[in-house]
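Text of target-v2.txt, listed as compact mmCIF, C-alpha atoms and all ligand atoms:
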# COMPACT_ATOMS: atom_id res chain seq x y z
CA MET A 1079 13.54 -22.68 3.73
CA PRO A 1080 12.47 -20.25 6.52
CA SER A 1081 10.45 -17.27 5.27
CA PRO A 1082 12.00 -13.83 5.71
CA GLU A 1083 10.92 -11.83 8.73
CA ASN A 1084 7.55 -10.05 8.61
CA SER A 1085 6.11 -11.91 5.67
CA VAL A 1086 2.32 -11.91 5.34
CA HIS A 1087 0.90 -15.42 5.04
CA ILE A 1088 -2.51 -15.53 3.35
CA GLN A 1089 -4.13 -18.94 3.53
CA ASP A 1090 -7.33 -20.00 1.74
CA LEU A 1091 -8.85 -16.53 1.63
CA SER A 1092 -12.44 -16.49 0.33
CA LEU A 1093 -14.29 -13.18 0.32
CA SER A 1094 -17.66 -12.20 -1.10
CA TYR A 1095 -19.77 -9.06 -1.09
CA GLN A 1096 -23.42 -10.03 -1.46
CA GLU A 1097 -23.51 -12.03 -4.73
CA LYS A 1098 -20.00 -11.11 -5.88
CA GLN A 1099 -17.16 -13.47 -4.97
CA VAL A 1100 -13.90 -11.51 -5.03
CA PHE A 1101 -11.46 -14.14 -3.66
CA LYS A 1102 -11.80 -17.92 -3.62
CA ASN A 1103 -9.31 -20.14 -1.78
CA PHE A 1104 -6.54 -17.60 -2.40
CA SER A 1105 -3.22 -18.45 -0.76
CA HIS A 1106 -0.02 -16.45 -1.03
CA CYS A 1107 2.97 -15.37 0.98
CA LEU A 1108 3.83 -11.68 0.60
CA LYS A 1109 7.56 -11.49 1.17
CA GLY A 1110 8.96 -9.96 4.34
CA GLY A 1111 11.26 -6.94 4.04
CA LYS A 1112 10.36 -6.48 0.35
CA TRP A 1113 8.19 -4.26 -1.82
CA ASN A 1114 5.24 -6.43 -2.91
CA VAL A 1115 3.29 -4.54 -5.56
CA LEU A 1116 -0.25 -5.46 -6.61
CA LEU A 1117 -1.51 -4.76 -10.12
CA GLY A 1118 -4.91 -5.62 -11.57
CA ARG A 1119 -7.97 -4.16 -13.24
CA SER A 1120 -10.11 -1.68 -11.35
CA GLY A 1121 -12.61 -3.49 -9.14
CA VAL A 1122 -10.78 -6.82 -9.15
CA GLY A 1123 -10.22 -6.82 -5.36
CA LYS A 1124 -6.86 -5.18 -4.57
CA SER A 1125 -8.16 -2.80 -1.87
CA SER A 1126 -10.22 -5.60 -0.37
CA LEU A 1127 -7.03 -7.62 0.05
CA LEU A 1128 -5.33 -4.70 1.81
CA LYS A 1129 -8.35 -4.26 4.09
CA ALA A 1130 -8.25 -7.96 4.94
CA ILE A 1131 -4.52 -7.72 5.77
CA ALA A 1132 -5.14 -4.57 7.84
CA GLY A 1133 -7.77 -6.48 9.82
CA LEU A 1134 -10.50 -4.09 8.73
CA LEU A 1135 -12.95 -6.64 7.37
CA SER A 1136 -15.26 -8.25 9.85
CA PRO A 1137 -14.13 -11.84 10.43
CA SER A 1138 -17.64 -13.01 9.44
CA SER A 1139 -17.25 -11.50 5.93
CA TYR A 1140 -14.43 -13.82 4.85
CA GLN A 1141 -12.96 -17.25 5.39
CA GLY A 1142 -9.29 -18.13 5.64
CA THR A 1143 -6.42 -16.73 7.65
CA ILE A 1144 -3.90 -13.93 7.36
CA LYS A 1145 -1.00 -14.42 9.74
CA ALA A 1146 2.52 -13.33 10.63
CA ASP A 1147 5.53 -15.65 10.43
CA ASP A 1148 4.94 -16.99 13.92
CA GLY A 1149 1.29 -17.76 13.14
CA SER A 1150 -0.02 -14.81 15.17
CA ILE A 1151 -2.46 -12.25 13.80
CA LEU A 1152 -0.99 -9.06 12.33
CA SER A 1153 -2.73 -6.71 14.72
CA GLY A 1154 -0.48 -3.83 15.78
CA GLN A 1155 2.14 -4.57 13.11
CA VAL A 1156 0.46 -2.83 10.20
CA SER A 1157 0.12 0.77 9.01
CA TRP A 1158 -2.27 1.49 6.17
CA MET A 1159 -2.57 4.40 3.76
CA THR A 1160 -5.97 4.41 2.08
CA GLN A 1161 -6.82 5.72 -1.41
CA ASP A 1162 -8.54 8.75 0.09
CA ALA A 1163 -6.22 10.54 2.48
CA LEU A 1164 -8.69 10.37 5.42
CA LEU A 1165 -7.32 13.49 7.10
CA LEU A 1166 -9.28 15.06 9.95
CA PRO A 1167 -10.48 18.42 8.57
CA TRP A 1168 -10.36 20.25 11.89
CA LEU A 1169 -6.69 19.38 12.51
CA SER A 1170 -3.62 20.98 10.90
CA VAL A 1171 -1.16 19.07 8.71
CA LEU A 1172 1.22 18.55 11.65
CA GLN A 1173 -1.59 17.51 14.01
CA ASN A 1174 -2.91 15.04 11.42
CA VAL A 1175 0.52 13.51 11.03
CA LEU A 1176 0.88 13.16 14.81
CA ILE A 1177 -2.66 11.83 15.35
CA GLY A 1178 -1.30 8.38 16.30
CA ASN A 1179 0.07 9.89 19.54
CA LYS A 1180 -3.37 11.15 20.50
CA LEU A 1181 -5.25 7.99 19.48
CA ARG A 1182 -2.90 5.72 21.37
CA GLN A 1183 -2.26 8.23 24.19
CA LEU A 1184 1.46 8.04 23.58
CA SER A 1185 3.86 10.41 25.26
CA GLY A 1186 7.58 10.71 25.99
CA THR A 1187 9.96 8.46 24.07
CA SER A 1188 7.17 6.15 22.84
CA ALA A 1189 5.45 9.03 21.02
CA ILE A 1190 6.13 9.98 17.41
CA SER A 1191 8.54 12.88 17.73
CA GLU A 1192 7.40 16.29 16.50
CA THR A 1193 10.94 17.00 15.31
CA LYS A 1194 10.94 13.84 13.20
CA ALA A 1195 7.49 14.68 11.84
CA LYS A 1196 8.59 18.18 10.84
CA SER A 1197 11.73 16.81 9.21
CA LEU A 1198 9.74 14.29 7.16
CA LEU A 1199 7.16 16.92 6.20
CA SER A 1200 10.03 19.10 5.06
CA ASP A 1201 11.39 16.23 2.91
CA LEU A 1202 7.89 15.84 1.48
CA GLY A 1203 7.78 19.55 0.53
CA LEU A 1204 5.19 20.45 3.16
CA VAL A 1205 7.22 22.51 5.61
CA SER A 1206 5.33 25.72 4.74
CA TYR A 1207 1.97 24.06 5.34
CA LEU A 1208 2.38 22.61 8.85
CA ASP A 1209 -0.40 24.75 10.36
CA MET A 1210 -2.79 24.55 7.41
CA LYS A 1211 -6.03 22.59 7.50
CA PRO A 1212 -6.56 19.84 4.85
CA ASP A 1213 -9.32 21.81 3.10
CA ASN A 1214 -6.75 24.45 2.15
CA LEU A 1215 -4.39 21.93 0.54
CA SER A 1216 -4.26 20.53 -2.97
CA GLY A 1217 -5.09 16.84 -3.50
CA GLY A 1218 -1.40 16.05 -3.91
CA MET A 1219 -0.52 17.85 -0.66
CA ARG A 1220 -3.23 15.93 1.18
CA GLN A 1221 -1.85 12.71 -0.23
CA ARG A 1222 1.68 13.58 0.90
CA THR A 1223 0.34 14.42 4.38
CA ALA A 1224 -1.32 11.00 4.55
CA LEU A 1225 1.92 9.41 3.34
CA ALA A 1226 3.87 11.19 6.12
CA ARG A 1227 1.39 9.94 8.71
CA THR A 1228 1.75 6.36 7.44
CA LEU A 1229 5.56 6.48 7.31
CA LEU A 1230 5.79 7.87 10.84
CA GLU A 1231 3.76 4.99 12.24
CA ASP A 1232 6.97 2.96 11.82
CA ARG A 1233 5.27 -0.46 11.65
CA PRO A 1234 7.01 -3.49 10.14
CA ILE A 1235 4.23 -3.99 7.56
CA VAL A 1236 3.14 -1.00 5.48
CA LEU A 1237 0.08 -1.11 3.21
CA LEU A 1238 -0.10 1.61 0.55
CA ASP A 1239 -3.23 1.94 -1.61
CA GLU A 1240 -2.29 4.04 -4.67
CA PRO A 1241 -0.12 6.35 -2.54
CA PHE A 1242 1.18 8.50 -5.40
CA SER A 1243 -1.90 8.71 -7.63
CA ALA A 1244 -2.60 12.42 -7.03
CA LEU A 1245 0.95 13.61 -7.67
CA ASP A 1246 2.44 15.27 -10.74
CA ALA A 1247 5.19 13.33 -12.53
CA MET A 1248 8.15 15.15 -10.95
CA THR A 1249 6.80 15.05 -7.39
CA ARG A 1250 5.82 11.43 -7.88
CA SER A 1251 9.34 10.51 -8.91
CA GLU A 1252 10.82 12.32 -5.87
CA MET A 1253 8.28 10.61 -3.57
CA HIS A 1254 9.18 7.20 -5.03
CA ASP A 1255 12.82 7.67 -4.05
CA LEU A 1256 12.05 9.10 -0.63
CA THR A 1257 9.47 6.44 0.25
CA SER A 1258 11.69 3.65 -1.01
CA HIS A 1259 14.54 4.94 1.16
CA TYR A 1260 12.28 5.48 4.18
CA LEU A 1261 10.78 2.00 4.02
CA THR A 1262 14.04 0.06 3.60
CA ASN A 1263 13.66 -3.42 5.16
CA LYS A 1264 9.92 -2.99 5.79
CA THR A 1265 7.36 -5.33 4.29
CA VAL A 1266 5.52 -3.08 1.86
CA VAL A 1267 2.33 -4.07 0.05
CA MET A 1268 1.48 -1.38 -2.49
CA ILE A 1269 -1.37 -1.08 -4.98
CA THR A 1270 -0.79 0.89 -8.15
CA HIS A 1271 -2.44 1.19 -11.55
CA ASP A 1272 0.83 2.20 -13.14
CA PRO A 1273 3.01 -0.73 -14.36
CA LEU A 1274 6.03 1.57 -14.68
CA GLU A 1275 5.64 2.63 -11.05
CA ALA A 1276 5.40 -1.04 -10.12
CA LEU A 1277 8.60 -1.78 -12.02
CA LYS A 1278 10.42 1.15 -10.44
CA LEU A 1279 9.64 0.12 -6.87
CA ALA A 1280 8.78 -3.57 -6.67
CA ASP A 1281 10.86 -6.49 -5.56
CA ILE A 1282 7.92 -8.64 -6.65
CA VAL A 1283 4.90 -7.72 -8.77
CA TYR A 1284 1.67 -9.69 -8.29
CA ILE A 1285 -0.96 -9.55 -11.02
CA LEU A 1286 -4.46 -10.23 -9.73
CA LYS A 1287 -6.98 -11.43 -12.28
CA GLY A 1288 -10.75 -11.74 -11.91
CA PRO A 1289 -13.61 -12.16 -12.05
CA THR A 1290 -12.80 -14.18 -8.91
CA ILE A 1291 -9.19 -14.18 -7.75
CA THR A 1292 -7.89 -17.66 -7.01
CA ARG A 1293 -4.17 -17.02 -7.51
CA ALA A 1294 -1.68 -14.28 -8.36
CA GLU A 1295 0.67 -14.23 -11.32
CA VAL A 1296 4.13 -13.27 -10.15
CA PHE A 1297 6.58 -11.07 -12.06
CA ILE A 1298 10.05 -10.46 -10.63
CA PRO A 1299 11.91 -7.52 -12.19
CA SER A 1300 15.55 -8.21 -12.91
CA SER A 1301 17.47 -5.70 -10.74
CA CYS A 1302 17.04 -4.17 -7.29
CA PRO A 1303 14.62 -1.28 -6.67
CA PRO A 1304 14.32 1.65 -6.92
CA ARG A 1305 15.10 1.39 -10.63
CA ASP A 1306 15.82 4.03 -13.23
CA THR A 1307 12.68 4.27 -15.38
CA LYS A 1308 14.77 5.31 -18.39
CA ASN A 1309 16.70 2.04 -18.26
CA GLN A 1310 16.18 0.01 -21.46
CA SER A 1311 15.71 -3.33 -19.68
CA LEU A 1312 13.01 -1.81 -17.47
CA LEU A 1313 11.19 -0.58 -20.57
CA GLU A 1314 11.39 -4.09 -22.03
CA GLU A 1315 10.00 -5.53 -18.79
CA HIS A 1316 7.23 -2.92 -19.00
CA ASP A 1317 6.20 -4.39 -22.35
CA ILE A 1318 6.15 -7.90 -20.86
CA LEU A 1319 4.07 -6.72 -17.90
CA MET A 1320 1.62 -4.88 -20.16
CA GLY A 1321 1.23 -8.13 -22.11
CA GLN A 1322 0.40 -10.00 -18.90
CA LEU A 1323 -2.07 -7.30 -17.89
CA SER A 1324 -3.75 -7.15 -21.27
CA ASP A 1325 -5.36 -10.55 -20.77
CA CYS A 1326 -7.01 -9.34 -17.53
CA LYS A 1327 -10.72 -8.87 -18.18
CA ALA A 1328 -12.39 -5.85 -16.55
CA PRO A 1329 -14.57 -7.14 -13.68
CA SER A 1330 -18.27 -6.85 -14.46
N1 LIG A 1401 -18.10 -2.75 1.10
C1 LIG A 1401 -18.43 -3.29 -0.08
N2 LIG A 1401 -19.68 -3.72 -0.32
C2 LIG A 1401 -20.02 -4.29 -1.50
N3 LIG A 1401 -19.16 -4.47 -2.51
C3 LIG A 1401 -17.90 -4.04 -2.33
C4 LIG A 1401 -17.46 -3.43 -1.12
N4 LIG A 1401 -16.15 -3.13 -1.21
C5 LIG A 1401 -15.78 -3.52 -2.45
N5 LIG A 1401 -16.82 -4.06 -3.12
C6 LIG A 1401 -16.79 -4.64 -4.47
O1 LIG A 1401 -15.76 -5.60 -4.48
C7 LIG A 1401 -15.04 -5.53 -5.70
C8 LIG A 1401 -13.56 -5.29 -5.40
O2 LIG A 1401 -13.42 -3.97 -4.87
P1 LIG A 1401 -11.98 -3.39 -4.50
O3 LIG A 1401 -12.18 -2.00 -4.01
O4 LIG A 1401 -11.29 -4.35 -3.63
O5 LIG A 1401 -11.30 -3.39 -5.95
P2 LIG A 1401 -9.91 -2.70 -6.43
O6 LIG A 1401 -9.22 -3.71 -7.27
O7 LIG A 1401 -9.18 -2.16 -5.27
O8 LIG A 1401 -10.48 -1.52 -7.33
P3 LIG A 1401 -9.80 -0.10 -7.72
O9 LIG A 1401 -8.53 -0.42 -8.44
O10 LIG A 1401 -10.80 0.53 -8.60
O11 LIG A 1401 -9.58 0.66 -6.43
C9 LIG A 1401 -15.71 -4.46 -6.55
O12 LIG A 1401 -16.64 -5.09 -7.39
C10 LIG A 1401 -16.44 -3.60 -5.53
O13 LIG A 1401 -17.58 -3.03 -6.08
Could you write out this structure as structure tokens?
Amino acid sequence: MPSPENSVHIQDLSLSYQEKQVFKNFSHCLKGGKWNVLLGRSGVGKSSLLKAIAGLLSPSSYQGTIKADDGSILSGQVSWMTQDALLLPWLSVLQNVLIGNKLRQLSGTSAISETKAKSLLSDLGLVSYLDMKPDNLSGGMRQRTALARTLLEDRPIVLLDEPFSALDAMTRSEMHDLTSHYLTNKTVVMITHDPLEALKLADIVYILKGPTITRAEVFIPSSCPPRDTKNQSLLEEHDILMGQLSDCKAPS
């Protein structure tokens, strides 16, 4: 069966930092056009996997391949939101969100439109902060600014490393719905520590277990995302997922 468009094909990934082996012969296909959500204990290797997909690990630090459907490398197809917002402190919120234009010297129709950026920032509750510098924002506002920057990159593959972790419960819920809507048909790979968040947004949940990851356990929630977190069947699936997570040992 042909794989859906924009899947991420990981083949025989082995990755070590000094003495610690994080991945060993790990192979998986992250499904194209779906929300692929990664769960696992802190330090198991989730961010390392995202870095490898983003092409940010030096090729000499790992073995194996990470390829697109046509066997090409993923370069240019990926946008990545890191755990720390990585905003430039001397630029305003709007300038940070539009930084891609400057970095890639884009102009005219190929540039990210300022109107679109302002509209998204308004949806994210940041319209009053367009001219503010990151140091004057709360952690949650910085995280939403970074989210806006990632969404506006408009790449087919979107990597999100704990994108909602700094948000209060209400804002988080609103951001879930907005991000889910905004990223329809994209290949999303998201890390979260919150199984309920995973169940709200995921098409497929992958549980990564250490101390060295050789495979992922797959959990497929029953209905289509985004799901209502008050739904009884989702709460039952939460119990199942917690059971699967409870036999993950914390990496030493
Ligand atoms: N640049 C590095 N040099 C050395 N060790 C590293 C480096 N980056 C990560 N590690 C180690 O690799 C392991 C996996 O780290 P990684 O950040 O991928 O885990 P994680 O699952 O994303 O953790 P968390 O959920 O806490 O963010 C950890 O033991 C970490 O200390």
Residue contacts of Phe1104 in chain A (6 Å, all atoms listed in the file) excluding same-chain residues fewer than 3 positions away, as a PyMOL selection string: chain A and resi 1090-1091+1292-1293
Among the residues A:Leu1274, A:Leu1165, A:Ile1131, A:Val1156, the one that comes closest to His1087 in chain A [using only C-alpha atoms]: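 Of A:Leu1274, A:Leu1165, A:Ile1131, A:Val1156, the one nearest His1087 in chain A is A:Ile1131, counting only C-alpha atoms.
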Each chain A residue no farther than 10 Å from ligand LIG 1401 (chain A), nearest pair in Å, only C-alpha atoms and all ligand atoms, as CSV:
residue,atom,partner,partner_atom,distance
A:Leu1093,CA,A:LIG1401,O1,9.1
A:Ser1094,CA,A:LIG1401,O1,7.7
A:Tyr1095,CA,A:LIG1401,C2,4.8
A:Gln1096,CA,A:LIG1401,C2,6.7
A:Glu1097,CA,A:LIG1401,N3,9.0
A:Lys1098,CA,A:LIG1401,O12,7.1
A:Gln1099,CA,A:LIG1401,O1,8.0
A:Val1100,CA,A:LIG1401,C7,6.1
A:Phe1101,CA,A:LIG1401,C8,9.3
A:Leu1116,CA,A:LIG1401,O6,9.2
A:Leu1117,CA,A:LIG1401,O6,8.3
A:Gly1118,CA,A:LIG1401,O6,6.4
A:Arg1119,CA,A:LIG1401,O9,6.1
A:Ser1120,CA,A:LIG1401,O9,3.5
A:Gly1121,CA,A:LIG1401,O8,3.4
A:Val1122,CA,A:LIG1401,O6,4.0
A:Gly1123,CA,A:LIG1401,O4,3.2
A:Lys1124,CA,A:LIG1401,O7,3.9
A:Ser1125,CA,A:LIG1401,O7,3.6
A:Ser1126,CA,A:LIG1401,O4,3.7
A:Leu1127,CA,A:LIG1401,O4,6.5
A:Leu1128,CA,A:LIG1401,O4,8.1
A:Lys1129,CA,A:LIG1401,O4,8.3
A:Ala1130,CA,A:LIG1401,O4,9.8
A:Leu1135,CA,A:LIG1401,N1,9.0
A:Thr1160,CA,A:LIG1401,O11,10.0
A:Gln1161,CA,A:LIG1401,O11,7.6
A:Asp1239,CA,A:LIG1401,O11,8.1
A:Glu1240,CA,A:LIG1401,O11,8.2
A:Ile1269,CA,A:LIG1401,O7,7.9
A:Thr1270,CA,A:LIG1401,O9,7.9
A:His1271,CA,A:LIG1401,O9,7.0
A:Leu1286,CA,A:LIG1401,O6,8.4
A:Lys1287,CA,A:LIG1401,O6,9.5
A:Gly1288,CA,A:LIG1401,O6,9.4
A:Pro1289,CA,A:LIG1401,O12,9.0
A:Thr1290,CA,A:LIG1401,C7,9.5
A:Pro1329,CA,A:LIG1401,O12,6.9
A:Ser1330,CA,A:LIG1401,O12,7.5
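Between CA of Gly1321 in chain A and CA of Ser1258 in chain A the separation is 26.3 Å.
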Length of the CA of Ala1280 in chain A to CA of Gln1322 in chain A vector [Å]: 16.2 Å
Nearest residue to Val1266 in chain A from the set A:Ala1163, A:Ala1247, A:Ile1235, A:Met1210 (distances using only C-alpha atoms): A:Ile1235
Atom-to-atom span, CA of Phe1242 in chain A and CA of Ser1139 in chain A, Å: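 Straight-line distance from CA of Phe1242 in chain A to CA of Ser1139 in chain A works out to 29.5 Å.
Those DNA, RNA and protein residues that approach the point (11.5, -5.4, -3.2) to within 10 Å, considering only C-alpha atoms, are Lys1109, Gly1110, Gly1111, Lys1112, Trp1113, Asn1114, Val1115, Ser1258, Thr1262, Asn1263, Lys1264, Thr1265, Val1266, Val1267, Leu1277, Lys1278, Leu1279, Ala1280, Asp1281, Ile1282, Val1283, Ile1298, Pro1299, Ser1301, Cys1302, Pro1303 and Pro1304 of chain A.
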Selection: 12 Å around Asn1214 in chain A, only C-alpha atoms, excl. self and same-chain fewer than 3 positions, as a PyMOL selection string: chain A and resi 1167-1171+1207-1211+1217-1220
Contacts of Ser1216 in chain A within 10 Å, only C-alpha atoms, excl. fewer than 5 positions in-chain, as a VMD selection string: chain A and resid 1221 to 1222 1244 to 1245
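Minimum distance to Arg1305 in chain A across A:Ala1276, A:Leu1176, A:Met1159, A:Val1205 (counting all atoms listed in the file) occurs at A:Ala1276.
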Closest of A:Glu1231, A:Asp1272, A:Glu1252, A:Glu1083 to Asp1148 in chain A - atom-to-atom distances counting all atoms listed in the file: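 Of the candidates, the smallest distance to Asp1148 in chain A is held by A:Glu1083.
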Top pick for closest residue to Ser1085 in chain A, considering A:Leu1134, A:Leu1152, A:Leu1199, A:Leu1215 and counting only C-alpha atoms: A:Leu1152
Residues within 12 Å of (8.7, 17.3, 5.8), file coords, only C-alpha atoms, listed as a ChimeraX atom specification: /A:1171-1172,1175,1192-1208,1219,1222-1227,1229-1230,1253,1256
Using 5 Å of padding on each side, determine the axis-aligned box around all atoms of range 1163-1180 of chain A present in the file and give its centre and edge lengths in Å to one decimal, as lines of an AutoDock Vina configuration file.
center_x = -4.6
center_y = 14.7
center_z = 11.5
size_x = 21.7
size_y = 22.6
size_z = 28.0
